[in-house]
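J.: This is the content of upload36.cif (mmCIF, C-alpha atoms and all ligand atoms):
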data_target
loop_
_atom_site.label_atom_id
_atom_site.label_comp_id
_atom_site.auth_asym_id
_atom_site.auth_seq_id
_atom_site.Cartn_x
_atom_site.Cartn_y
_atom_site.Cartn_z
CA MET D 5 0.00 0.00 0.00
CA ALA D 6 1.05 3.59 -0.50
CA HIS D 7 2.74 5.50 2.30
CA PHE D 8 0.38 7.93 4.02
CA PRO D 9 2.36 10.73 5.65
CA LYS D 10 1.20 11.97 9.06
CA PRO D 11 0.28 15.62 9.64
CA ASP D 12 3.08 15.91 12.19
CA GLU D 13 5.67 15.09 9.51
CA GLY D 14 5.70 18.74 8.38
CA SER D 15 4.09 20.28 5.33
CA TRP D 16 2.38 17.87 2.96
CA THR D 17 4.09 19.34 -0.07
CA GLU D 18 7.58 19.32 1.45
CA HIS D 19 7.10 15.65 2.28
CA TYR D 20 7.52 15.11 -1.48
CA PRO D 21 10.65 17.12 -2.31
CA GLN D 22 10.34 16.42 -6.04
CA LEU D 23 7.29 18.71 -6.10
CA GLY D 24 9.18 21.80 -5.06
CA THR D 25 7.30 24.74 -3.60
CA ALA D 26 7.79 27.33 -6.33
CA PRO D 27 4.88 29.00 -8.15
CA VAL D 28 3.47 26.79 -10.91
CA ASP D 29 3.48 27.59 -14.61
CA TYR D 30 0.04 27.02 -16.19
CA GLU D 31 1.21 27.01 -19.81
CA ASP D 32 0.20 23.33 -19.82
CA SER D 33 -3.45 24.42 -19.62
CA ILE D 34 -3.47 27.03 -22.37
CA SER D 35 -1.12 25.80 -25.07
CA PRO D 36 -2.67 24.01 -28.08
CA GLU D 37 0.75 22.48 -28.80
CA PHE D 38 1.02 21.11 -25.28
CA TYR D 39 -2.43 19.56 -25.60
CA GLU D 40 -1.39 17.79 -28.80
CA LEU D 41 1.59 16.38 -26.94
CA GLU D 42 -0.66 15.30 -24.06
CA ARG D 43 -2.79 13.33 -26.49
CA GLU D 44 0.26 11.38 -27.64
CA ALA D 45 2.12 11.11 -24.36
CA ILE D 46 -0.77 10.63 -21.93
CA PHE D 47 -4.10 9.69 -23.47
CA ALA D 48 -2.65 7.31 -26.07
CA LYS D 49 -0.37 5.65 -23.51
CA THR D 50 -2.00 5.34 -20.08
CA TRP D 51 -4.88 3.26 -18.73
CA LEU D 52 -8.19 5.11 -19.12
CA ASN D 53 -11.31 4.19 -17.19
CA VAL D 54 -14.18 3.94 -19.65
CA GLY D 55 -16.93 2.48 -17.51
CA ARG D 56 -18.14 -0.21 -15.11
CA VAL D 57 -18.88 -3.89 -15.62
CA GLU D 58 -22.53 -3.32 -14.65
CA GLN D 59 -22.97 -1.47 -17.96
CA ILE D 60 -22.44 -4.74 -19.85
CA PRO D 61 -24.28 -7.34 -17.77
CA ARG D 62 -24.89 -10.00 -20.46
CA THR D 63 -23.16 -11.67 -23.39
CA GLY D 64 -23.43 -9.19 -26.25
CA SER D 65 -23.94 -6.12 -24.05
CA TYR D 66 -21.81 -3.28 -25.37
CA PHE D 67 -21.17 0.43 -25.15
CA THR D 68 -19.06 2.83 -27.17
CA ARG D 69 -16.76 5.56 -25.90
CA GLU D 70 -15.69 8.53 -27.96
CA LEU D 71 -12.03 9.12 -27.09
CA GLU D 72 -11.36 12.26 -29.03
CA CYS D 73 -8.37 12.87 -26.76
CA ALA D 74 -6.77 9.78 -28.32
CA HIS D 75 -8.17 10.23 -31.83
CA THR D 76 -10.43 7.19 -31.68
CA SER D 77 -13.69 5.60 -30.58
CA VAL D 78 -13.79 2.22 -28.87
CA VAL D 79 -16.51 -0.38 -28.47
CA VAL D 80 -16.48 -2.34 -25.21
CA VAL D 81 -18.37 -5.65 -25.18
CA ARG D 82 -19.13 -8.67 -23.02
CA ASP D 83 -17.99 -11.72 -25.01
CA ARG D 84 -19.42 -15.27 -25.03
CA ASP D 85 -17.13 -16.38 -22.21
CA GLY D 86 -18.20 -13.53 -19.96
CA GLY D 87 -14.96 -11.61 -20.56
CA VAL D 88 -14.72 -7.92 -21.32
CA ARG D 89 -13.15 -6.91 -24.63
CA ALA D 90 -12.60 -3.63 -26.40
CA PHE D 91 -11.95 -2.81 -30.05
CA HIS D 92 -11.29 0.26 -32.08
CA ASN D 93 -14.72 1.13 -33.43
CA ILE D 94 -13.71 0.90 -37.09
CA CYS D 95 -14.83 -1.44 -39.86
CA ARG D 96 -11.97 -3.23 -41.59
CA HIS D 97 -13.53 -2.82 -45.04
CA ARG D 98 -13.34 0.91 -45.68
CA GLY D 99 -13.12 2.45 -42.26
CA ASN D 100 -16.71 3.28 -41.42
CA LYS D 101 -17.41 3.68 -37.71
CA LEU D 102 -18.84 0.28 -36.84
CA VAL D 103 -21.16 0.94 -33.89
CA TRP D 104 -23.30 4.08 -33.72
CA ASN D 105 -26.96 5.04 -33.96
CA ASP D 106 -28.32 8.25 -35.41
CA PHE D 107 -25.28 10.47 -35.00
CA PRO D 108 -21.81 9.04 -35.57
CA ARG D 109 -20.17 11.16 -32.87
CA GLU D 110 -22.67 10.18 -30.16
CA GLU D 111 -21.97 7.32 -27.79
CA THR D 112 -24.37 4.42 -27.72
CA SER D 113 -25.00 1.14 -25.93
CA GLY D 114 -27.13 -1.97 -26.32
CA THR D 115 -27.03 -5.71 -26.74
CA CYS D 116 -26.35 -7.66 -29.92
CA ARG D 117 -25.18 -11.04 -31.22
CA GLN D 118 -22.74 -9.52 -33.65
CA PHE D 119 -21.75 -6.15 -35.04
CA THR D 120 -22.91 -5.32 -38.56
CA CYS D 121 -21.43 -2.41 -40.47
CA LYS D 122 -24.08 0.00 -41.79
CA TYR D 123 -22.16 0.63 -45.00
CA HIS D 124 -21.76 -2.71 -46.82
CA GLY D 125 -22.89 -5.16 -44.19
CA TRP D 126 -19.64 -6.80 -43.06
CA ARG D 127 -20.22 -8.63 -39.77
CA TYR D 128 -18.01 -9.25 -36.74
CA ASP D 129 -18.67 -11.55 -33.80
CA LEU D 130 -18.27 -10.58 -30.15
CA ASP D 131 -14.64 -11.70 -30.21
CA GLY D 132 -13.97 -9.26 -33.05
CA ALA D 133 -13.61 -11.95 -35.74
CA LEU D 134 -14.85 -11.04 -39.22
CA THR D 135 -17.63 -13.57 -39.95
CA PHE D 136 -19.38 -12.28 -43.06
CA VAL D 137 -18.39 -10.34 -46.15
CA GLN D 138 -21.09 -9.21 -48.55
CA GLN D 139 -20.32 -10.64 -52.05
CA GLU D 140 -17.15 -12.18 -50.69
CA GLY D 141 -16.31 -13.66 -54.12
CA GLU D 142 -15.72 -10.16 -55.53
CA PHE D 143 -12.66 -9.67 -53.33
CA PHE D 144 -9.10 -10.69 -54.10
CA ASP D 145 -7.51 -13.37 -51.91
CA LEU D 146 -9.45 -12.07 -48.92
CA ASP D 147 -8.80 -14.20 -45.85
CA LYS D 148 -11.38 -13.21 -43.24
CA ASP D 149 -8.96 -14.23 -40.47
CA ASP D 150 -6.80 -11.26 -41.43
CA TYR D 151 -9.58 -8.72 -41.01
CA GLY D 152 -10.82 -8.97 -37.44
CA LEU D 153 -11.54 -5.82 -35.43
CA VAL D 154 -8.46 -4.11 -34.04
CA PRO D 155 -8.29 -5.03 -30.36
CA VAL D 156 -7.59 -2.56 -27.57
CA GLN D 157 -5.97 -3.70 -24.31
CA THR D 158 -8.70 -4.00 -21.68
CA GLU D 159 -8.59 -4.87 -18.00
CA VAL D 160 -11.09 -4.78 -15.18
CA TRP D 161 -10.06 -3.55 -11.74
CA GLU D 162 -12.65 -3.65 -8.94
CA GLY D 163 -15.38 -3.63 -11.58
CA PHE D 164 -13.96 -0.57 -13.37
CA ILE D 165 -13.20 -1.20 -17.05
CA PHE D 166 -9.97 0.33 -18.29
CA VAL D 167 -8.55 0.48 -21.80
CA ASN D 168 -5.02 1.23 -22.92
CA LEU D 169 -4.59 2.38 -26.51
CA ASP D 170 -0.88 1.64 -26.59
CA PRO D 171 -0.48 -1.83 -28.14
CA ASP D 172 3.03 -1.98 -26.65
CA ASN D 173 1.90 -1.32 -23.09
CA THR D 174 3.17 -3.98 -20.67
CA THR D 175 1.91 -2.60 -17.35
CA SER D 176 -1.25 -4.04 -15.80
CA VAL D 177 -3.91 -1.68 -14.47
CA ARG D 178 -3.22 -2.95 -11.00
CA ASP D 179 0.47 -2.10 -11.27
CA TYR D 180 -0.37 1.23 -12.87
CA LEU D 181 -2.68 2.17 -10.00
CA GLY D 182 0.07 1.14 -7.57
CA GLY D 183 -0.17 1.44 -3.82
CA LEU D 184 -3.06 3.90 -3.84
CA GLY D 185 -5.19 1.57 -5.96
CA ALA D 186 -4.27 -1.43 -3.80
CA GLY D 187 -5.38 0.44 -0.68
CA ILE D 188 -9.00 0.69 -1.83
CA GLU D 189 -9.38 -2.81 -3.27
CA GLY D 190 -12.21 -4.69 -1.60
CA TYR D 191 -14.56 -1.72 -1.20
CA PRO D 192 -18.05 -2.94 -2.19
CA PHE D 193 -18.23 -0.92 -5.42
CA GLY D 194 -20.19 -3.77 -7.04
CA GLU D 195 -23.09 -3.38 -4.58
CA MET D 196 -23.63 0.25 -5.54
CA THR D 197 -25.51 -0.04 -8.78
CA GLN D 198 -28.03 2.79 -8.50
CA VAL D 199 -26.43 5.43 -10.70
CA TYR D 200 -27.19 9.13 -11.27
CA LYS D 201 -25.12 10.75 -14.02
CA TYR D 202 -24.32 14.28 -15.11
CA ARG D 203 -22.45 15.30 -18.22
CA ALA D 204 -21.37 18.78 -19.25
CA GLN D 205 -19.32 20.49 -21.91
CA VAL D 206 -16.90 22.80 -20.17
CA GLY D 207 -14.88 25.61 -21.72
CA SER D 208 -11.66 24.94 -19.89
CA ASN D 209 -8.62 22.74 -20.02
CA TRP D 210 -9.38 19.32 -18.49
CA LYS D 211 -6.83 19.80 -15.71
CA LEU D 212 -8.50 22.96 -14.43
CA PHE D 213 -11.63 21.04 -13.44
CA ILE D 214 -9.52 18.41 -11.71
CA ASP D 215 -7.86 21.31 -9.88
CA ALA D 216 -11.28 22.46 -8.70
CA PHE D 217 -12.16 19.05 -7.29
CA ALA D 218 -8.73 18.10 -5.94
CA GLU D 219 -8.61 20.83 -3.30
CA PHE D 220 -11.11 21.93 -0.66
CA TYR D 221 -9.32 25.20 0.09
CA HIS D 222 -12.07 26.88 -1.97
CA ALA D 223 -14.97 25.17 -0.24
CA PRO D 224 -15.71 27.58 2.65
CA VAL D 225 -15.61 30.52 0.20
CA LEU D 226 -16.98 29.35 -3.14
CA HIS D 227 -19.69 27.19 -1.58
CA ALA D 228 -20.51 29.59 1.26
CA LYS D 229 -24.15 29.87 0.24
CA GLN D 230 -24.72 26.14 0.60
CA ALA D 231 -24.53 26.32 4.39
CA THR D 232 -26.69 28.35 6.72
CA ASP D 233 -25.32 31.89 7.20
CA GLU D 234 -24.01 31.21 10.66
CA GLU D 235 -22.38 27.93 9.66
CA SER D 236 -20.84 29.56 6.63
CA ARG D 237 -19.21 32.29 8.76
CA LYS D 238 -17.78 29.63 11.04
CA LEU D 239 -16.41 27.59 8.12
CA GLN D 240 -14.66 30.61 6.63
CA GLY D 241 -13.13 31.32 10.02
CA TYR D 242 -11.71 27.79 10.29
CA GLY D 243 -10.55 27.50 6.68
CA PHE D 244 -9.85 24.00 5.45
CA GLU D 245 -7.24 21.46 6.42
CA ALA D 246 -7.36 17.90 5.15
CA LEU D 247 -6.88 14.85 7.33
CA SER D 248 -4.33 13.36 4.98
CA TYR D 249 -2.73 13.61 1.55
CA ALA D 250 -0.72 10.94 -0.24
CA LEU D 251 1.00 10.68 -3.61
CA ASP D 252 2.12 7.52 -5.35
CA GLY D 253 3.47 7.56 -8.90
CA PRO D 254 1.21 9.71 -11.06
CA HIS D 255 -1.73 9.37 -8.66
CA GLY D 256 -2.74 11.20 -5.50
CA MET D 257 -5.40 11.28 -2.81
CA VAL D 258 -6.83 13.59 -0.18
CA SER D 259 -8.74 12.46 2.87
CA SER D 260 -11.16 14.97 4.30
CA TRP D 261 -13.31 15.38 7.36
CA GLY D 262 -17.06 15.25 7.02
CA GLY D 263 -19.43 15.63 9.89
CA MET D 264 -22.56 16.31 7.88
CA ALA D 265 -23.92 12.78 7.81
CA PRO D 266 -25.54 13.24 10.24
CA PRO D 267 -24.53 16.75 11.34
CA LYS D 268 -23.68 17.27 15.00
CA ASP D 269 -26.18 20.09 15.16
CA LEU D 270 -29.29 19.90 12.99
CA ASN D 271 -29.27 23.70 12.69
CA MET D 272 -26.15 23.35 10.50
CA VAL D 273 -28.23 22.09 7.60
CA LYS D 274 -31.23 23.15 5.56
CA PRO D 275 -34.78 22.04 6.44
CA ILE D 276 -35.12 19.61 3.52
CA GLU D 277 -31.93 17.90 4.63
CA ARG D 278 -33.31 17.56 8.14
CA VAL D 279 -36.54 16.08 6.83
CA LEU D 280 -34.96 13.61 4.44
CA ARG D 281 -31.79 12.86 6.46
CA SER D 282 -29.62 13.41 3.42
CA GLY D 283 -27.52 16.09 1.73
CA LEU D 284 -24.20 16.65 0.00
CA PHE D 285 -22.54 13.91 2.04
CA GLY D 286 -25.25 11.50 0.95
CA PRO D 287 -28.03 9.78 2.87
CA TRP D 288 -27.08 9.95 6.56
CA ASP D 289 -27.88 6.30 7.25
CA ARG D 290 -25.40 3.78 5.91
CA PRO D 291 -26.75 0.99 3.72
CA GLU D 292 -26.77 -2.48 5.27
CA ILE D 293 -24.16 -4.26 3.17
CA ASP D 294 -20.92 -6.09 3.84
CA GLY D 295 -17.59 -4.46 3.13
CA LEU D 296 -18.08 -1.07 4.79
CA ASP D 297 -16.76 -2.17 8.15
CA PRO D 298 -13.85 -2.30 8.42
CA LEU D 299 -12.96 -0.17 5.42
CA PRO D 300 -9.98 -1.05 3.22
CA GLU D 301 -6.81 0.54 4.63
CA GLY D 302 -6.62 3.21 1.96
CA LEU D 303 -9.95 4.71 3.03
CA ASN D 304 -9.84 7.07 5.97
CA PRO D 305 -6.11 6.28 6.22
CA ALA D 306 -5.79 8.54 9.27
CA ARG D 307 -8.58 6.48 10.91
CA SER D 308 -10.14 9.74 12.02
CA PRO D 309 -13.58 9.69 13.65
CA ALA D 310 -14.31 12.94 11.80
CA TRP D 311 -13.69 11.34 8.38
CA GLY D 312 -16.16 12.25 5.63
CA ILE D 313 -14.72 11.60 2.18
CA ASP D 314 -11.63 10.36 0.36
CA THR D 315 -10.84 11.74 -3.07
CA TYR D 316 -8.58 9.65 -5.31
CA VAL D 317 -7.09 11.48 -8.30
CA LEU D 318 -6.15 8.64 -10.64
CA PHE D 319 -4.06 9.94 -13.51
CA PRO D 320 -4.87 11.08 -16.03
CA ASN D 321 -8.59 11.84 -15.93
CA PHE D 322 -10.40 9.62 -13.45
CA MET D 323 -11.40 10.60 -9.92
CA LEU D 324 -12.97 8.27 -7.39
CA LEU D 325 -14.60 9.72 -4.28
CA VAL D 326 -15.67 7.43 -1.46
CA TRP D 327 -18.01 8.93 1.13
CA ALA D 328 -18.28 7.90 4.76
CA PRO D 329 -22.04 7.14 4.61
CA GLY D 330 -21.46 4.32 2.11
CA TRP D 331 -21.64 5.51 -1.49
CA TYR D 332 -19.19 6.70 -4.13
CA LEU D 333 -18.82 9.22 -6.91
CA THR D 334 -16.71 9.20 -10.07
CA TYR D 335 -15.51 12.10 -12.20
CA HIS D 336 -14.13 11.85 -15.70
CA TYR D 337 -12.66 14.67 -17.75
CA TRP D 338 -12.47 13.96 -21.48
CA PRO D 339 -10.48 16.66 -23.29
CA THR D 340 -11.82 17.90 -26.61
CA ALA D 341 -9.29 20.71 -27.13
CA HIS D 342 -6.68 22.59 -25.10
CA ASN D 343 -9.46 24.76 -23.70
CA SER D 344 -12.49 22.46 -23.58
CA HIS D 345 -13.52 19.10 -22.22
CA ILE D 346 -16.51 16.95 -21.40
CA PHE D 347 -17.07 16.42 -17.70
CA GLU D 348 -18.94 13.41 -16.36
CA GLY D 349 -19.99 13.03 -12.73
CA SER D 350 -21.69 9.80 -11.65
CA LEU D 351 -23.10 8.98 -8.21
CA TYR D 352 -23.32 5.32 -7.17
CA PHE D 353 -25.58 4.10 -4.36
CA VAL D 354 -26.87 0.78 -3.07
CA PRO D 355 -30.28 0.46 -4.81
CA PRO D 356 -33.02 2.11 -2.70
CA ARG D 357 -35.48 -0.23 -1.00
CA ASN D 358 -38.33 2.27 -0.85
CA ALA D 359 -39.42 5.72 -1.95
CA THR D 360 -37.85 7.46 1.04
CA GLU D 361 -34.44 5.99 0.29
CA ARG D 362 -34.86 6.97 -3.33
CA LEU D 363 -35.65 10.57 -2.35
CA ARG D 364 -32.60 10.66 -0.10
CA GLN D 365 -30.44 9.67 -3.05
CA GLU D 366 -32.14 12.19 -5.31
CA LEU D 367 -31.46 14.94 -2.76
CA ALA D 368 -27.78 13.96 -2.63
CA ALA D 369 -27.68 13.99 -6.45
CA VAL D 370 -29.25 17.43 -6.85
CA THR D 371 -27.16 18.87 -4.01
CA PHE D 372 -24.06 17.53 -5.73
CA LYS D 373 -25.18 19.18 -8.96
CA GLU D 374 -25.52 22.55 -7.27
CA TYR D 375 -21.99 22.29 -5.86
CA ALA D 376 -20.60 21.10 -9.18
CA LEU D 377 -22.20 24.04 -11.00
CA GLN D 378 -20.56 26.40 -8.53
CA ASP D 379 -17.21 24.69 -9.14
CA GLY D 380 -17.75 24.64 -12.89
CA ASN D 381 -18.66 28.31 -12.89
CA THR D 382 -15.11 29.41 -12.16
CA LEU D 383 -13.53 27.38 -14.93
CA GLU D 384 -14.21 29.48 -18.02
CA ALA D 385 -13.41 32.57 -15.98
CA THR D 386 -10.04 31.08 -15.12
CA GLN D 387 -9.34 29.68 -18.60
CA SER D 388 -10.06 32.97 -20.33
CA MET D 389 -7.74 34.91 -18.03
CA ILE D 390 -4.80 32.54 -17.91
CA GLU D 391 -4.94 32.55 -21.71
CA SER D 392 -4.17 36.28 -21.51
CA ARG D 393 -0.70 35.29 -20.17
CA ALA D 394 -0.80 38.51 -18.16
CA VAL D 395 0.23 36.23 -15.31
CA THR D 396 1.95 32.93 -16.03
CA GLU D 397 2.94 31.51 -12.65
CA PHE D 398 0.69 30.85 -9.70
CA PRO D 399 1.51 30.18 -6.04
CA LEU D 400 -0.08 26.95 -4.78
CA GLY D 401 -0.58 26.37 -1.08
CA ASP D 402 -0.07 23.21 0.90
CA GLN D 403 -3.77 22.28 0.57
CA GLU D 404 -3.23 22.44 -3.21
CA ILE D 405 -0.55 19.74 -3.26
CA LEU D 406 -2.55 17.49 -5.59
CA LEU D 407 -2.74 20.27 -8.20
CA ARG D 408 0.99 20.82 -8.03
CA HIS D 409 1.43 17.09 -8.50
CA LEU D 410 -1.10 16.81 -11.36
CA HIS D 411 0.46 19.57 -13.45
CA GLN D 412 3.97 18.30 -12.75
CA THR D 413 2.91 14.77 -13.74
CA ALA D 414 1.36 15.96 -17.02
CA ARG D 415 4.50 17.94 -17.83
CA ARG D 416 6.67 14.95 -16.97
CA TYR D 417 4.75 12.60 -19.28
CA VAL D 418 5.01 15.11 -22.10
CA THR D 419 8.70 15.88 -21.63
CA ASP D 420 9.62 12.19 -21.24
CA HIS D 421 7.68 11.35 -24.39
CA ASP D 422 9.13 14.37 -26.14
CA ARG D 423 12.63 13.25 -25.26
CA ASN D 424 12.01 9.72 -26.49
CA GLU D 425 9.97 10.18 -29.60
CA ILE D 426 9.40 13.65 -30.91
CA PRO D 427 11.88 16.32 -31.94
CA VAL D 428 11.63 19.18 -29.48
CA GLN D 429 9.05 21.60 -30.86
CA ILE D 430 7.99 23.79 -27.99
CA SER D 431 9.09 24.65 -24.54
CA VAL D 432 6.72 23.07 -22.04
CA GLY D 433 7.94 24.74 -18.87
CA SER D 434 9.71 23.07 -16.00
S1 LIG M 501 -17.04 0.12 -44.56
FE1 LIG M 501 -17.91 -1.40 -43.29
S2 LIG M 501 -18.69 -2.81 -44.71
FE2 LIG M 501 -17.80 -1.32 -45.97
FE FE M 502 -16.11 22.63 -4.84
#
Can you give me the file's structure in the form of structure tokens?
Ligand code: FES
Ligand SMILES: [Fe+2]
T.:
Amino acid sequence: MAHFPKPDEGSWTEHYPQLGTAPVDYEDSISPEFYELEREAIFAKTWLNVGRVEQIPRTGSYFTRELECAHTSVVVVRDRDGGVRAFHNICRHRGNKLVWNDFPREETSGTCRQFTCKYHGWRYDLDGALTFVQQEGEFFDLDKDDYGLVPVQTEVWEGFIFVNLDPDNTTSVRDYLGGLGAGIEGYPFGEMTQVYKYRAQVGSNWKLFIDAFAEFYHAPVLHAKQATDEESRKLQGYGFEALSYALDGPHGMVSSWGGMAPPKDLNMVKPIERVLRSGLFGPWDRPEIDGLDPLPEGLNPARSPAWGIDTYVLFPNFMLLVWAPGWYLTYHYWPTAHNSHIFEGSLYFVPPRNATERLRQELAAVTFKEYALQDGNTLEATQSMIESRAVTEFPLGDQEILLRHLHQTARRYVTDHDRNEIPVQISVGS
């Protein structure tokens, strides 16, 4: 498991000397050239989480993912042996996108026995083998065995489906996720199948939204209106200090206090939260399932009684948030340009047993949306101004250690790749 520093070991940032403490250059978030290098060095090389196994419950269940950041689309499918496979979503005949419905750039899902190309009707089975060619006799020495779908490396970790677009990759997802991943294995993710999803197009670099969710320094200020006035004044007076931070390889995590599920004082929360016993931290009553007690070692690593939520920032674009009351949240950030991305936020609960439990989940989901809109609101404002380059370096505090690490990691992937494969074209900062 990863090493979790203790608060008495000094500043979180200085615990990792490679991070330095200097102001951080944000050129990586505004340069179109840097984004092109990120596509090659990061999105075409690392493990990307594209979904959960519950999305493909049966043989023939499939979904597509548009991975513009890696110049492709993939189709993920449950094969006849119950395995999970992924293929580039391209027909071997003349390159038509194989699986799509009304609009070729929209993602889709469903269940089928085989994939049939809309253009000339070539067919592929669930293992990707080409099984049928229309007017096969017209072709020249065509051996169908040579024209299967192009496979993409796929692995499942704790029910999360990952793909890696680098055919030469030799690292397993488990090894890639390292000690931080190992620390949360065993959490009952598979029991939490009631899903509420949000998706938004955001006019900022993908890393800026991770920045907004990887620190809570902003919470007492930006989200002040979410608490009662008195509570909000108190929160701003205290500021925010996390229970724990840890870094391991390209990944990081922050463990935070909670205290709102249930709140110590009911006057801290709004009337609807009191009535429903739910709010941002989720339904106050934990679901009755195995696996929440004791928690895997990587959750609430400080073993604090005040623990509320752990946020795992899994490089490059996947965040996993586990909440004390027994549910979890995922964020994905899919870049579409240097200054835009698609954000997805998904909340996962144990299925409700009655209408009250359902309403509690709905309240958590809409409360989350309100917070996320407040977070999202700052992003275009930030993007537009850092693009001015009137200021190029920004001081990051100790509670912003994960941001310092994220931007350094992105720069490192790009410079390492640059050194190995591409003639130096631009300066990417230090
Ligand atoms: S492009 Fe798919 S069958 Fe022709
Ligand atoms: Fe926030």
J.: Pick out the residues no farther than 12 Å from ligand FE 502 (chain M), counting all atoms listed in the file, and list them as a PyMOL selection string.
T.: chain D and resi 213-230+284+371-383
J.: Restrict the selected residues to C-alpha atoms and save them as an mmCIF file, in the coordinates of the input.
T.:
data_model
loop_
_atom_site.group_PDB
_atom_site.id
_atom_site.type_symbol
_atom_site.label_atom_id
_atom_site.label_comp_id
_atom_site.auth_asym_id
_atom_site.auth_seq_id
_atom_site.Cartn_x
_atom_site.Cartn_y
_atom_site.Cartn_z
ATOM 1 C CA PHE D 213 -11.630 21.040 -13.440
ATOM 2 C CA ILE D 214 -9.520 18.410 -11.710
ATOM 3 C CA ASP D 215 -7.860 21.310 -9.880
ATOM 4 C CA ALA D 216 -11.280 22.460 -8.700
ATOM 5 C CA PHE D 217 -12.160 19.050 -7.290
ATOM 6 C CA ALA D 218 -8.730 18.100 -5.940
ATOM 7 C CA GLU D 219 -8.610 20.830 -3.300
ATOM 8 C CA PHE D 220 -11.110 21.930 -0.660
ATOM 9 C CA TYR D 221 -9.320 25.200 0.090
ATOM 10 C CA HIS D 222 -12.070 26.880 -1.970
ATOM 11 C CA ALA D 223 -14.970 25.170 -0.240
ATOM 12 C CA PRO D 224 -15.710 27.580 2.650
ATOM 13 C CA VAL D 225 -15.610 30.520 0.200
ATOM 14 C CA LEU D 226 -16.980 29.350 -3.140
ATOM 15 C CA HIS D 227 -19.690 27.190 -1.580
ATOM 16 C CA ALA D 228 -20.510 29.590 1.260
ATOM 17 C CA LYS D 229 -24.150 29.870 0.240
ATOM 18 C CA GLN D 230 -24.720 26.140 0.600
ATOM 19 C CA LEU D 284 -24.200 16.650 0.000
ATOM 20 C CA THR D 371 -27.160 18.870 -4.010
ATOM 21 C CA PHE D 372 -24.060 17.530 -5.730
ATOM 22 C CA LYS D 373 -25.180 19.180 -8.960
ATOM 23 C CA GLU D 374 -25.520 22.550 -7.270
ATOM 24 C CA TYR D 375 -21.990 22.290 -5.860
ATOM 25 C CA ALA D 376 -20.600 21.100 -9.180
ATOM 26 C CA LEU D 377 -22.200 24.040 -11.000
ATOM 27 C CA GLN D 378 -20.560 26.400 -8.530
ATOM 28 C CA ASP D 379 -17.210 24.690 -9.140
ATOM 29 C CA GLY D 380 -17.750 24.640 -12.890
ATOM 30 C CA ASN D 381 -18.660 28.310 -12.890
ATOM 31 C CA THR D 382 -15.110 29.410 -12.160
ATOM 32 C CA LEU D 383 -13.530 27.380 -14.930
#
J.: Could you give me, as number ranges by chain, the residues that sit within 12 Å of (-0.1, 10.7, -18.3) in the file's coordinates, counting only C-alpha atoms?
T.: D: 39, 41-52, 168, 180, 211, 253-255, 318-322, 409-421
J.: Just want the 12 Å neighbourhood of D:Ile34, counted on all atoms listed in the file, with same-chain residues fewer than 2 positions away dropped. Output as an MDAnalysis selection string.
T.: chainID D and resid 29:32 36:40 207:212 341:344 384 386:393 396 432
J.: Each residue of chain D with at least one atom at most 6 Å from ligand LIG 501 (chain M) should appear once, together with its nearest atom pair and the corresponding distance in Å (one decimal); atoms considered: only C-alpha atoms and all ligand atoms; ordering: chain, then increasing residue number; output as JSON lines.
T.:
{"residue": "D:Cys95", "atom": "CA", "partner": "M:LIG501", "partner_atom": "FE1", "distance": 4.6}
{"residue": "D:His97", "atom": "CA", "partner": "M:LIG501", "partner_atom": "S1", "distance": 4.6}
{"residue": "D:Arg98", "atom": "CA", "partner": "M:LIG501", "partner_atom": "S1", "distance": 3.9}
{"residue": "D:Gly99", "atom": "CA", "partner": "M:LIG501", "partner_atom": "S1", "distance": 5.1}
{"residue": "D:Asn100", "atom": "CA", "partner": "M:LIG501", "partner_atom": "S1", "distance": 4.5}
{"residue": "D:Cys121", "atom": "CA", "partner": "M:LIG501", "partner_atom": "FE1", "distance": 4.6}
{"residue": "D:Tyr123", "atom": "CA", "partner": "M:LIG501", "partner_atom": "FE2", "distance": 4.9}
{"residue": "D:His124", "atom": "CA", "partner": "M:LIG501", "partner_atom": "S2", "distance": 3.7}
{"residue": "D:Gly125", "atom": "CA", "partner": "M:LIG501", "partner_atom": "S2", "distance": 4.8}
{"residue": "D:Trp126", "atom": "CA", "partner": "M:LIG501", "partner_atom": "S2", "distance": 4.4}
J.: So how far away is atom CA of D:Ala306 from atom CA of D:Ala369, in Å?
T.: 27.5 Å
J.: Would you compute, for all listed atoms of stretch 198-216 of chain D, the axis-aligned bounding box grown by 6 Å on each side, and then report its centre and edge lengths in Å rounded to one decimal, as AutoDock Vina command-line options?
T.:
--center_x -17.4 --center_y 14.2 --center_z -15.2 --size_x 33.2 --size_y 34.8 --size_z 25.4
J.: Can you list, as a ChimeraX atom specification, every protein, DNA or RNA residue that comes within 6 Å of stretch 56-72 of chain D when you count all atoms listed in the file, leaving out same-chain residues fewer than 3 positions away?
T.: /D:75-84,111-117,163-165
J.: Between atom CA of D:Gln118 and atom CA of D:Leu130, measure the distance and give it in Å to one decimal.
T.: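 Distance between the two atoms: 5.8 Å.
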J.: Of the residues D:Ile313, D:Val370, D:Leu23, D:Leu325, which is the one nearest to D:Arg408, using all atoms listed in the file?
T.: D:Leu23
J.: Could you state the separation of atom CA of D:Val137 and atom CA of D:Arg96 in Å, given to one decimal place?
T.: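 Computed distance, atom CA of D:Val137 to atom CA of D:Arg96, equals 10.6 Å.
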J.: Could you check the closest approach to D:Ala204 for each of D:Leu406, D:Arg364, D:Pro21, D:Gly349 and tell me which residue wins, using only C-alpha atoms?
T.: D:Gly349
J.: When distances are computed from only C-alpha atoms, which of D:Ile346, D:Leu303, D:Ala133, D:Val354 shows the smallest separation from D:Val326?
T.: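 The answer is D:Leu303, which sits nearest to D:Val326.
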